[in-house]
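Novice: Next comes the structure file run-v4.cif, holding mmCIF, C-alpha atoms.
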```cif
data_structure
#
loop_
_atom_site.label_atom_id
_atom_site.label_comp_id
_atom_site.auth_asym_id
_atom_site.auth_seq_id
_atom_site.Cartn_x
_atom_site.Cartn_y
_atom_site.Cartn_z
CA MET A 1 25.21 -4.33 6.00
CA LYS A 2 23.66 -1.86 8.40
CA ASN A 3 20.17 -2.98 7.39
CA ARG A 4 21.01 -6.65 7.97
CA SER A 5 22.33 -5.82 11.44
CA SER A 6 19.13 -3.92 12.13
CA ARG A 7 17.11 -6.96 11.08
CA ARG A 8 19.14 -9.24 13.38
CA ASP A 9 18.60 -6.84 16.29
CA PHE A 10 14.86 -6.90 15.79
CA LEU A 11 14.83 -10.68 15.44
CA LYS A 12 16.74 -10.89 18.73
CA HIS A 13 14.64 -8.44 20.72
CA SER A 14 11.12 -9.10 19.47
CA SER A 15 8.93 -12.12 18.88
CA LEU A 16 9.11 -12.03 15.12
CA ALA A 17 8.75 -15.76 14.71
CA ALA A 18 5.52 -15.61 16.67
CA ALA A 19 4.39 -12.64 14.63
CA ALA A 20 5.01 -14.55 11.40
CA SER A 21 2.97 -17.42 12.80
CA PHE A 22 0.21 -14.94 13.64
CA ALA A 23 0.15 -13.89 10.00
CA LEU A 24 -0.65 -17.44 8.88
CA THR A 25 -3.39 -18.41 11.33
CA GLY A 26 -6.90 -17.04 11.37
CA SER A 27 -7.29 -17.04 15.16
CA SER A 28 -3.99 -15.25 15.71
CA ALA A 29 -4.75 -12.76 12.95
CA GLN A 30 -8.00 -11.91 14.71
CA ALA A 31 -6.12 -11.49 17.97
CA ALA A 32 -3.60 -9.22 16.27
CA ASP A 33 -6.42 -6.99 15.09
CA GLN A 34 -7.80 -6.43 18.58
CA PRO A 35 -7.25 -2.82 19.71
CA THR A 36 -4.54 -2.26 22.30
CA PRO A 37 -3.27 0.92 23.95
CA ASP A 38 0.02 0.83 22.01
CA LYS A 39 -1.33 -0.22 18.62
CA PRO A 40 -0.32 2.04 15.71
CA ALA A 41 -2.98 4.34 14.29
CA PHE A 42 -2.56 2.90 10.80
CA LYS A 43 -3.80 -0.47 9.53
CA LEU A 44 -1.96 -3.02 7.42
CA GLY A 45 -3.51 -4.05 4.11
CA LEU A 46 -2.81 -5.86 0.86
CA ALA A 47 -2.36 -4.27 -2.56
CA SER A 48 -3.86 -6.89 -4.83
CA TYR A 49 -1.19 -6.49 -7.50
CA THR A 50 0.58 -8.92 -5.16
CA THR A 51 -1.87 -11.62 -6.27
CA ARG A 52 -2.08 -10.60 -9.93
CA ASN A 53 -1.91 -14.24 -11.07
CA PHE A 54 -4.76 -15.29 -8.78
CA THR A 55 -8.52 -14.87 -8.77
CA LEU A 56 -10.45 -12.57 -6.48
CA ASP A 57 -11.51 -15.54 -4.35
CA GLN A 58 -7.89 -16.63 -4.00
CA THR A 59 -6.82 -13.06 -3.23
CA ILE A 60 -9.35 -12.88 -0.40
CA GLU A 61 -8.05 -16.16 1.01
CA ILE A 62 -4.42 -15.00 0.81
CA ALA A 63 -5.28 -11.73 2.56
CA LYS A 64 -7.07 -13.63 5.33
CA ARG A 65 -4.22 -16.11 5.78
CA ALA A 66 -1.75 -13.23 6.01
CA GLY A 67 -3.90 -11.58 8.68
CA LEU A 68 -4.72 -8.52 6.55
CA THR A 69 -8.18 -6.99 6.71
CA HIS A 70 -7.89 -4.15 4.16
CA LEU A 71 -7.60 -4.52 0.39
CA SER A 72 -6.57 -2.14 -2.40
CA LEU A 73 -7.94 -3.61 -5.63
CA LYS A 74 -6.13 -3.77 -8.95
CA ASP A 75 -8.32 -4.08 -12.01
CA MET A 76 -7.54 -7.75 -12.68
CA HIS A 77 -9.61 -8.45 -9.56
CA LEU A 78 -12.27 -5.80 -10.15
CA PRO A 79 -12.20 -4.93 -13.87
CA LEU A 80 -12.59 -1.32 -14.91
CA THR A 81 -14.78 -2.60 -17.75
CA ALA A 82 -17.14 -4.51 -15.45
CA SER A 83 -20.80 -3.54 -15.20
CA ASP A 84 -22.06 -1.76 -12.10
CA GLU A 85 -23.69 -5.00 -11.00
CA GLU A 86 -20.45 -6.93 -11.41
CA ILE A 87 -18.47 -4.33 -9.50
CA LYS A 88 -20.97 -4.32 -6.64
CA ALA A 89 -21.02 -8.12 -6.55
CA GLY A 90 -17.22 -8.23 -6.29
CA ILE A 91 -17.21 -5.69 -3.47
CA ALA A 92 -19.95 -7.60 -1.65
CA LYS A 93 -17.90 -10.81 -1.87
CA ILE A 94 -14.91 -9.06 -0.30
CA CYS A 95 -16.99 -7.52 2.48
CA ASP A 96 -18.75 -10.83 3.20
CA ALA A 97 -15.31 -12.34 3.80
CA GLY A 98 -14.59 -9.75 6.49
CA ILE A 99 -12.17 -7.74 4.31
CA ILE A 100 -12.52 -3.98 3.84
CA PRO A 101 -12.01 -2.83 0.22
CA TYR A 102 -10.58 0.63 0.85
CA ALA A 103 -9.07 1.66 -2.51
CA VAL A 104 -8.85 0.89 -6.21
CA GLY A 105 -5.75 1.11 -8.35
CA VAL A 106 -3.18 1.70 -9.55
CA ILE A 107 -5.28 3.28 -12.33
CA TYR A 108 -3.51 5.03 -15.19
CA MET A 109 -5.29 8.11 -16.54
CA LYS A 110 -4.07 9.22 -19.95
CA THR A 111 -7.29 10.76 -21.28
CA ALA A 112 -10.30 12.63 -19.92
CA GLU A 113 -12.31 9.47 -20.53
CA ASP A 114 -9.91 7.55 -18.29
CA VAL A 115 -10.40 10.10 -15.52
CA ASN A 116 -14.19 10.00 -15.70
CA ARG A 117 -14.23 6.21 -15.83
CA ALA A 118 -11.93 5.96 -12.79
CA PHE A 119 -14.18 8.16 -10.64
CA ASN A 120 -17.36 6.39 -11.73
CA TYR A 121 -15.69 3.04 -11.02
CA ALA A 122 -14.60 4.11 -7.53
CA LYS A 123 -18.03 5.53 -6.77
CA THR A 124 -19.74 2.31 -7.87
CA ALA A 125 -17.30 0.28 -5.77
CA GLY A 126 -18.08 2.48 -2.77
CA VAL A 127 -14.44 3.35 -2.04
CA ARG A 128 -13.15 6.81 -1.19
CA LEU A 129 -9.63 6.42 -2.57
CA ILE A 130 -8.18 5.98 -6.05
CA VAL A 131 -4.51 5.11 -6.29
CA GLY A 132 -3.69 6.64 -9.63
CA VAL A 133 -1.26 7.94 -12.20
CA PRO A 134 -2.93 10.81 -14.05
CA ASN A 135 -1.05 12.55 -16.84
CA HIS A 136 0.09 16.01 -15.77
CA GLU A 137 -2.22 17.86 -18.15
CA LEU A 138 -5.22 16.03 -16.65
CA LEU A 139 -4.60 17.16 -13.08
CA PRO A 140 -7.07 20.10 -13.29
CA LEU A 141 -9.79 17.65 -14.35
CA VAL A 142 -8.78 15.16 -11.66
CA ASN A 143 -8.92 17.97 -9.10
CA GLN A 144 -12.41 18.93 -10.28
CA ARG A 145 -13.70 15.35 -10.17
CA ALA A 146 -12.17 14.75 -6.74
CA ILE A 147 -14.17 17.67 -5.38
CA GLU A 148 -17.37 16.68 -7.21
CA TYR A 149 -17.24 13.03 -6.12
CA ASP A 150 -15.55 13.65 -2.75
CA ILE A 151 -13.09 10.89 -3.64
CA GLU A 152 -9.37 11.15 -2.93
CA VAL A 153 -6.61 10.41 -5.44
CA ALA A 154 -3.26 9.15 -4.17
CA ILE A 155 -0.65 9.57 -6.87
CA HIS A 156 1.71 6.60 -7.00
CA ASN A 157 5.43 7.05 -7.77
CA HIS A 158 7.05 4.38 -9.93
CA GLY A 159 10.78 4.92 -9.62
CA PRO A 160 13.73 6.06 -11.71
CA THR A 161 12.55 4.68 -15.05
CA ASP A 162 9.14 6.40 -14.83
CA LYS A 163 8.78 9.66 -16.73
CA VAL A 164 5.49 10.79 -15.14
CA TYR A 165 5.96 10.48 -11.35
CA PRO A 166 9.33 8.87 -10.55
CA THR A 167 9.46 10.13 -6.93
CA PRO A 168 7.00 11.33 -4.29
CA GLU A 169 8.42 14.84 -4.69
CA SER A 170 7.68 14.87 -8.43
CA ALA A 171 4.01 14.24 -7.64
CA TYR A 172 3.92 16.58 -4.66
CA GLU A 173 5.19 19.50 -6.70
CA LYS A 174 2.34 19.02 -9.19
CA ILE A 175 -0.46 18.84 -6.60
CA LYS A 176 0.69 20.99 -3.66
CA ASN A 177 -1.60 23.86 -4.68
CA LEU A 178 -4.57 21.67 -5.58
CA ASP A 179 -7.40 20.37 -3.40
CA LYS A 180 -6.32 18.29 -0.40
CA ARG A 181 -8.17 15.32 -1.85
CA LEU A 182 -5.17 14.95 -4.15
CA GLY A 183 -2.23 13.39 -2.37
CA LEU A 184 0.40 10.70 -2.50
CA CYS A 185 0.69 6.95 -2.37
CA ILE A 186 4.35 6.62 -1.42
CA ASP A 187 5.73 3.36 -2.77
CA ALA A 188 8.62 2.55 -0.45
CA GLY A 189 10.38 0.31 -2.96
CA HIS A 190 10.29 2.67 -5.92
CA THR A 191 11.32 5.55 -3.67
CA GLN A 192 14.37 3.62 -2.47
CA ARG A 193 15.16 2.60 -6.06
CA SER A 194 15.37 6.33 -6.81
CA GLY A 195 18.08 6.65 -4.16
CA ILE A 196 15.71 8.31 -1.67
CA ASN A 197 15.07 7.16 1.89
CA PRO A 198 11.28 6.56 1.99
CA ALA A 199 11.20 7.39 5.71
CA HIS A 200 12.45 10.86 4.83
CA ASP A 201 9.71 11.41 2.26
CA VAL A 202 7.01 10.07 4.59
CA GLU A 203 7.87 12.88 7.01
CA ARG A 204 8.51 15.46 4.33
CA PHE A 205 5.18 14.98 2.61
CA ALA A 206 3.07 13.96 5.60
CA ASP A 207 0.42 16.58 4.83
CA ARG A 208 -0.45 14.82 1.55
CA LEU A 209 0.15 11.18 2.47
CA LEU A 210 -3.03 9.24 1.61
CA ASP A 211 -1.67 5.72 1.11
CA VAL A 212 1.53 3.70 1.44
CA HIS A 213 2.79 0.67 -0.46
CA LEU A 214 5.08 -1.35 1.80
CA LYS A 215 7.87 -3.39 0.27
CA ASP A 216 11.61 -3.94 0.47
CA VAL A 217 14.04 -3.94 -2.46
CA SER A 218 17.40 -5.50 -3.24
CA ALA A 219 19.20 -2.30 -4.27
CA SER A 220 18.90 1.49 -4.15
CA THR A 221 19.11 1.68 -7.95
CA LYS A 222 16.79 1.14 -10.88
CA GLU A 223 17.92 -2.49 -10.91
CA GLY A 224 16.50 -3.08 -7.43
CA THR A 225 13.73 -5.69 -7.18
CA THR A 226 11.22 -6.61 -4.51
CA VAL A 227 12.36 -8.91 -1.70
CA GLU A 228 10.83 -9.96 1.59
CA MET A 229 10.60 -7.15 4.15
CA GLY A 230 13.80 -6.90 6.15
CA ARG A 231 15.93 -8.75 3.59
CA GLY A 232 16.67 -5.73 1.40
CA VAL A 233 18.24 -2.30 1.67
CA ILE A 234 15.31 -0.27 3.03
CA ASP A 235 15.59 0.70 6.68
CA ILE A 236 12.21 -0.76 7.62
CA PRO A 237 12.36 0.28 11.32
CA ALA A 238 13.03 3.88 10.22
CA LEU A 239 10.15 3.76 7.72
CA LEU A 240 7.70 2.47 10.30
CA SER A 241 9.03 4.93 12.88
CA ALA A 242 8.32 7.76 10.45
CA LEU A 243 4.72 6.58 10.00
CA LEU A 244 4.31 6.46 13.77
CA LYS A 245 5.94 9.87 14.17
CA ILE A 246 3.52 11.60 11.80
CA ASN A 247 0.56 9.75 13.37
CA TYR A 248 -0.31 8.20 10.03
CA SER A 249 -3.82 6.82 10.49
CA ARG A 250 -4.69 5.34 7.10
CA ILE A 251 -3.63 2.07 5.46
CA ALA A 252 -0.15 0.79 4.64
CA SER A 253 -0.54 -2.04 2.13
CA PHE A 254 1.96 -4.73 1.27
CA GLU A 255 2.73 -4.87 -2.43
CA TYR A 256 4.86 -7.98 -2.69
CA GLU A 257 5.86 -8.18 -6.34
CA LYS A 258 8.24 -11.12 -6.01
CA ASP A 259 7.10 -14.75 -6.41
CA ALA A 260 4.05 -13.91 -8.51
CA ARG A 261 3.11 -17.59 -8.75
CA ASP A 262 3.38 -18.18 -4.99
CA PRO A 263 3.20 -14.87 -3.09
CA LEU A 264 1.81 -16.08 0.22
CA PRO A 265 5.05 -17.20 1.95
CA GLY A 266 6.89 -13.96 1.17
CA THR A 267 3.85 -11.84 2.00
CA ALA A 268 3.37 -13.65 5.32
CA GLU A 269 7.06 -13.25 6.18
CA SER A 270 6.83 -9.54 5.36
CA VAL A 271 3.71 -9.12 7.49
CA GLY A 272 5.25 -11.00 10.40
CA TYR A 273 8.46 -9.01 10.25
CA THR A 274 6.58 -5.72 10.04
CA ARG A 275 4.32 -6.58 12.97
CA GLY A 276 7.36 -7.58 15.01
CA VAL A 277 9.19 -4.34 14.26
CA LEU A 278 6.07 -2.32 15.08
CA ALA A 279 5.67 -4.18 18.38
CA THR A 280 9.28 -3.42 19.29
CA LEU A 281 9.01 0.23 18.29
CA GLN A 282 5.86 0.63 20.35
CA ARG A 283 7.62 -0.73 23.43
CA THR A 284 10.69 1.48 23.16
#
```
What is this structure when it is put down as C-alpha cells?

Specialist:
Amino acid sequence: MKNRSSRRDFLKHSSLAAAASFALTGSSAQAADQPTPDKPAFKLGLASYTTRNFTLDQTIEIAKRAGLTHLSLKDMHLPLTASDEEIKAGIAKICDAGIIPYAVGVIYMKTAEDVNRAFNYAKTAGVRLIVGVPNHELLPLVNQRAIEYDIEVAIHNHGPTDKVYPTPESAYEKIKNLDKRLGLCIDAGHTQRSGINPAHDVERFADRLLDVHLKDVSASTKEGTTVEMGRGVIDIPALLSALLKINYSRIASFEYEKDARDPLPGTAESVGYTRGVLATLQRT
C-alpha cells in the first residue's frame, strides 16, 4: 500500500505522462538524452532478455522507441557460438543504429571452457563488461582472465530459488578479496524477491556495483513476478535515490520479463515512470 501511495505522489507531482510519451517518440527521446545540469550520472539501458522473442533488428527498434541508447546483449541476439565476423557484424549493426552495446550476458560459466569462451566473446564484441554467473570454483580463473583481458565481470543474483548467487551479498562475499574488475550486477527484482530492499544493497555494495537490472515485482517472495515499474512492491524512488546517493555513473538497464510477446508497452511505461521519478528526485 505504501508503494502505491508513493506512485500516486509521483504521478501527481511530476510529468510522468509526458515522460512516458518521451519514451515512445524518437525526437523526445533525443531531447531526453541531452545533458542537463541536474541529469543523473548513470544512463538508462535495455537488457535484451526483455526482447528474447524478437530478432536483433526488432530489439534495436524497441530500444530506440523506448528512448534507450545502451544495450546489454543476451546470446539469443549475439550468439556465443557465432563466428568473430558474425559477432562484429552484429555489433556494427547496433552501433550504426545509434545504440551503444555496453555489455554481454547473462552468461553462465560452469566450466573453464565457458570462462574462456565468455572472455573471447566479449573481447570480439568490443565490450568491457560481462554480466555473468560463474561457478564458485571458477572464480580464481575468472579473476585471472579479467585481469588479462581488462574486462569486468558483474555477477548477477537470481533470487531465492538460485543456489549459486541468490542475493547480491552471496556474490559479494565470494569476490570481495578479488580484483576490482569483479563486481555485481544487482537485479532489483530478484533482490526484492529474496526479501531484501534493493536500495539497501545498492548502498551497501556500492564499491563493487558494475551494473543494475531495473525491474519491479509483484511480491517480496519467490513467487513474485515482473510487473511494470511502479506497479509492484519495490520502492522505486528509494532505489533511484540510492543510485543517485552513491553517484552511480554506469548503466541501469531495464529487464522487463513480463509480456514476452509484446514487451514494448510495459517497457515504455517503466522507462517513462523511471524518468519521471528521477526528474522529481533531482528537483527536490

Novice: Mind running segment 117-222 of chain A against segment 45-50 of chain A at 12 Å and telling me each contacting residue's nearest atom pair with the distance in Å (one decimal), counting only C-alpha atoms, chain and number ascending, as JSON lines?

Specialist:
```
{"residue": "A:Val131", "atom": "CA", "partner": "A:Ala47", "partner_atom": "CA", "distance": 10.3}
{"residue": "A:Cys185", "atom": "CA", "partner": "A:Ala47", "partner_atom": "CA", "distance": 11.6}
{"residue": "A:Asp187", "atom": "CA", "partner": "A:Ala47", "partner_atom": "CA", "distance": 11.1}
{"residue": "A:Asp211", "atom": "CA", "partner": "A:Gly45", "partner_atom": "CA", "distance": 10.4}
{"residue": "A:Val212", "atom": "CA", "partner": "A:Gly45", "partner_atom": "CA", "distance": 9.6}
{"residue": "A:His213", "atom": "CA", "partner": "A:Ala47", "partner_atom": "CA", "distance": 7.4}
{"residue": "A:Leu214", "atom": "CA", "partner": "A:Ala47", "partner_atom": "CA", "distance": 9.1}
{"residue": "A:Lys215", "atom": "CA", "partner": "A:Thr50", "partner_atom": "CA", "distance": 10.6}
```

Novice: Report as a list of chain:residue names all protein, DNA and RNA residues lying within 8 Å of segment 154-165 of chain A, evaluated on all atoms listed in the file, omitting residues in the same chain fewer than 2 positions from it.

Specialist: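 Near neighbours after the sequence-gap exclusion: A:Val106, A:Leu129, A:Ile130, A:Val131, A:Gly132, A:Val133, A:Pro134, A:Asn135, A:His136, A:Glu152, A:Thr167, A:Pro168, A:Ser170, A:Ala171, A:Leu182, A:Gly183, A:Leu184, A:Cys185, A:Ile186, A:Asp187, A:His190, A:Thr191, A:Arg193, A:Ser194, A:Leu209, A:Leu210, A:Asp211, A:Thr221, A:Lys222.
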
Novice: For Lys180 of chain A, which residue among A:Gly67, A:Ala199, A:Ile151, A:Lys43 is the nearest when counting all atoms listed in the file?

Specialist: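 When distances to Lys180 of chain A are compared using all atoms listed in the file, the smallest one comes from A:Ile151.
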
Novice: Have a look at atom CA of Ala260 of chain A and atom CA of Leu73 of chain A and let me know their distance in Å, one decimal.

Specialist: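 Those two atoms sit 16.1 Å apart.
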
Novice: Around (-7.6, -12.7, -8.8) in the file's own coordinates, what residues are found within 8 Å if you use all atoms listed in the file, given back as a list in words?

Specialist: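 The residues that fall inside the cut-off are Ser48, Thr51, Arg52, Asn53, Phe54, Thr55, Leu56, Asp57, Gln58, Thr59, Met76 and His77 of chain A.
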
Novice: Need to verify the contact set: Ala206 of chain A, 10 Å, only C-alpha atoms, exclusion of same-chain residues closer than 6 positions in sequence. Can you return it as a PDB file with C-alpha atoms, keeping the file's coordinate frame?

Specialist:
```pdb
ATOM      1  CA  GLY A 183      -2.230  13.390  -2.370  1.00  0.00           C
ATOM      2  CA  LEU A 184       0.400  10.700  -2.500  1.00  0.00           C
ATOM      3  CA  HIS A 200      12.450  10.860   4.830  1.00  0.00           C
ATOM      4  CA  ALA A 242       8.320   7.760  10.450  1.00  0.00           C
ATOM      5  CA  LEU A 243       4.720   6.580  10.000  1.00  0.00           C
ATOM      6  CA  LYS A 245       5.940   9.870  14.170  1.00  0.00           C
ATOM      7  CA  ILE A 246       3.520  11.600  11.800  1.00  0.00           C
ATOM      8  CA  ASN A 247       0.560   9.750  13.370  1.00  0.00           C
ATOM      9  CA  TYR A 248      -0.310   8.200  10.030  1.00  0.00           C
TER      10      TYR A 248
END
```

Novice: Show me the residues close to (0.0, 19.3, -10.3) - anything with an atom within 6 Å, counting all atoms listed in the file - and format the list as a PyMOL selection string.

Specialist: chain A and resi 139+174-175

Novice: Enter the distance from atom CA of Ala219 of chain A to atom CA of Val271 of chain A, in Å, rounded to one decimal.

Specialist: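 So the two atoms, atom CA of Ala219 of chain A and atom CA of Val271 of chain A, lie 20.6 Å apart.
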
Novice: Any idea what the distance is between atom CA of Glu228 of chain A and atom CA of Tyr256 of chain A?

Specialist: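 Distance reported for this atom pair: 7.6 Å.
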
Novice: Extract, using only C-alpha atoms, all DNA, RNA and protein residues at most 10 Å from segment 264-268 of chain A, discarding same-chain residues fewer than 4 positions from it, and format them as a PyMOL selection string.

Specialist: chain A and resi 19-24+46+50-51+59+61-63+65-68+215+227-229+254-260+272-274

Novice: Measuring between all atoms listed in the file, which one of A:Asp96, A:Asp84, A:Asp235, A:Asp114 shows the shortest distance to Val277 of chain A?

Specialist: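 Checking each of A:Asp96, A:Asp84, A:Asp235, A:Asp114 against Val277 of chain A, counting all atoms listed in the file, the winner is A:Asp235.
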
Novice: Of the candidates A:Leu239, A:Leu138, A:Ala122, A:Ala97, which one gets nearest to Glu203 of chain A if we count only C-alpha atoms?

Specialist: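 Nearest candidate to Glu203 of chain A out of A:Leu239, A:Leu138, A:Ala122, A:Ala97: A:Leu239.
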
Novice: Since fewer atoms than expected are present, regenerate N, CA and C atoms for segment 174-192 of chain A and write them as a PDB file, keeping the file's coordinate frame.

Specialist:
```pdb
ATOM      1  N   LYS A 174       3.441  18.813  -8.243  1.00  0.00           N
ATOM      2  CA  LYS A 174       2.340  19.020  -9.190  1.00  0.00           C
ATOM      3  C   LYS A 174       1.002  19.276  -8.490  1.00  0.00           C
ATOM      4  N   ILE A 175       0.856  18.789  -7.257  1.00  0.00           N
ATOM      5  CA  ILE A 175      -0.460  18.840  -6.600  1.00  0.00           C
ATOM      6  C   ILE A 175      -0.503  19.739  -5.369  1.00  0.00           C
ATOM      7  N   LYS A 176       0.625  20.297  -4.954  1.00  0.00           N
ATOM      8  CA  LYS A 176       0.690  20.990  -3.660  1.00  0.00           C
ATOM      9  C   LYS A 176      -0.265  22.171  -3.561  1.00  0.00           C
ATOM     10  N   ASN A 177      -0.667  22.737  -4.702  1.00  0.00           N
ATOM     11  CA  ASN A 177      -1.600  23.860  -4.680  1.00  0.00           C
ATOM     12  C   ASN A 177      -3.010  23.467  -5.084  1.00  0.00           C
ATOM     13  N   LEU A 178      -3.251  22.165  -5.212  1.00  0.00           N
ATOM     14  CA  LEU A 178      -4.570  21.670  -5.580  1.00  0.00           C
ATOM     15  C   LEU A 178      -5.333  21.241  -4.326  1.00  0.00           C
ATOM     16  N   ASP A 179      -6.564  20.787  -4.518  1.00  0.00           N
ATOM     17  CA  ASP A 179      -7.400  20.370  -3.400  1.00  0.00           C
ATOM     18  C   ASP A 179      -6.712  19.270  -2.596  1.00  0.00           C
ATOM     19  N   LYS A 180      -6.959  19.260  -1.293  1.00  0.00           N
ATOM     20  CA  LYS A 180      -6.320  18.290  -0.400  1.00  0.00           C
ATOM     21  C   LYS A 180      -6.746  16.856  -0.674  1.00  0.00           C
ATOM     22  N   ARG A 181      -7.776  16.683  -1.479  1.00  0.00           N
ATOM     23  CA  ARG A 181      -8.170  15.320  -1.850  1.00  0.00           C
ATOM     24  C   ARG A 181      -7.151  14.670  -2.782  1.00  0.00           C
ATOM     25  N   LEU A 182      -6.266  15.473  -3.347  1.00  0.00           N
ATOM     26  CA  LEU A 182      -5.170  14.950  -4.150  1.00  0.00           C
ATOM     27  C   LEU A 182      -3.927  14.839  -3.278  1.00  0.00           C
ATOM     28  N   GLY A 183      -3.385  13.627  -3.214  1.00  0.00           N
ATOM     29  CA  GLY A 183      -2.230  13.390  -2.370  1.00  0.00           C
ATOM     30  C   GLY A 183      -1.324  12.336  -2.956  1.00  0.00           C
ATOM     31  N   LEU A 184      -0.615  11.646  -2.079  1.00  0.00           N
ATOM     32  CA  LEU A 184       0.400  10.700  -2.500  1.00  0.00           C
ATOM     33  C   LEU A 184       0.127   9.291  -2.000  1.00  0.00           C
ATOM     34  N   CYS A 185       0.468   8.316  -2.821  1.00  0.00           N
ATOM     35  CA  CYS A 185       0.690   6.950  -2.370  1.00  0.00           C
ATOM     36  C   CYS A 185       2.191   6.724  -2.491  1.00  0.00           C
ATOM     37  N   ILE A 186       2.895   6.811  -1.386  1.00  0.00           N
ATOM     38  CA  ILE A 186       4.350   6.620  -1.420  1.00  0.00           C
ATOM     39  C   ILE A 186       4.652   5.131  -1.504  1.00  0.00           C
ATOM     40  N   ASP A 187       5.277   4.738  -2.598  1.00  0.00           N
ATOM     41  CA  ASP A 187       5.730   3.360  -2.770  1.00  0.00           C
ATOM     42  C   ASP A 187       7.155   3.293  -2.229  1.00  0.00           C
ATOM     43  N   ALA A 188       7.325   2.575  -1.119  1.00  0.00           N
ATOM     44  CA  ALA A 188       8.620   2.550  -0.450  1.00  0.00           C
ATOM     45  C   ALA A 188       9.715   1.984  -1.347  1.00  0.00           C
ATOM     46  N   GLY A 189       9.381   0.946  -2.109  1.00  0.00           N
ATOM     47  CA  GLY A 189      10.380   0.310  -2.960  1.00  0.00           C
ATOM     48  C   GLY A 189      10.851   1.208  -4.082  1.00  0.00           C
ATOM     49  N   HIS A 190       9.917   1.804  -4.805  1.00  0.00           N
ATOM     50  CA  HIS A 190      10.290   2.670  -5.920  1.00  0.00           C
ATOM     51  C   HIS A 190      10.998   3.935  -5.435  1.00  0.00           C
ATOM     52  N   THR A 191      10.631   4.390  -4.245  1.00  0.00           N
ATOM     53  CA  THR A 191      11.320   5.550  -3.670  1.00  0.00           C
ATOM     54  C   THR A 191      12.775   5.212  -3.379  1.00  0.00           C
ATOM     55  N   GLN A 192      12.995   4.056  -2.759  1.00  0.00           N
ATOM     56  CA  GLN A 192      14.370   3.620  -2.470  1.00  0.00           C
ATOM     57  C   GLN A 192      15.146   3.369  -3.755  1.00  0.00           C
TER      58      GLN A 192
END
```
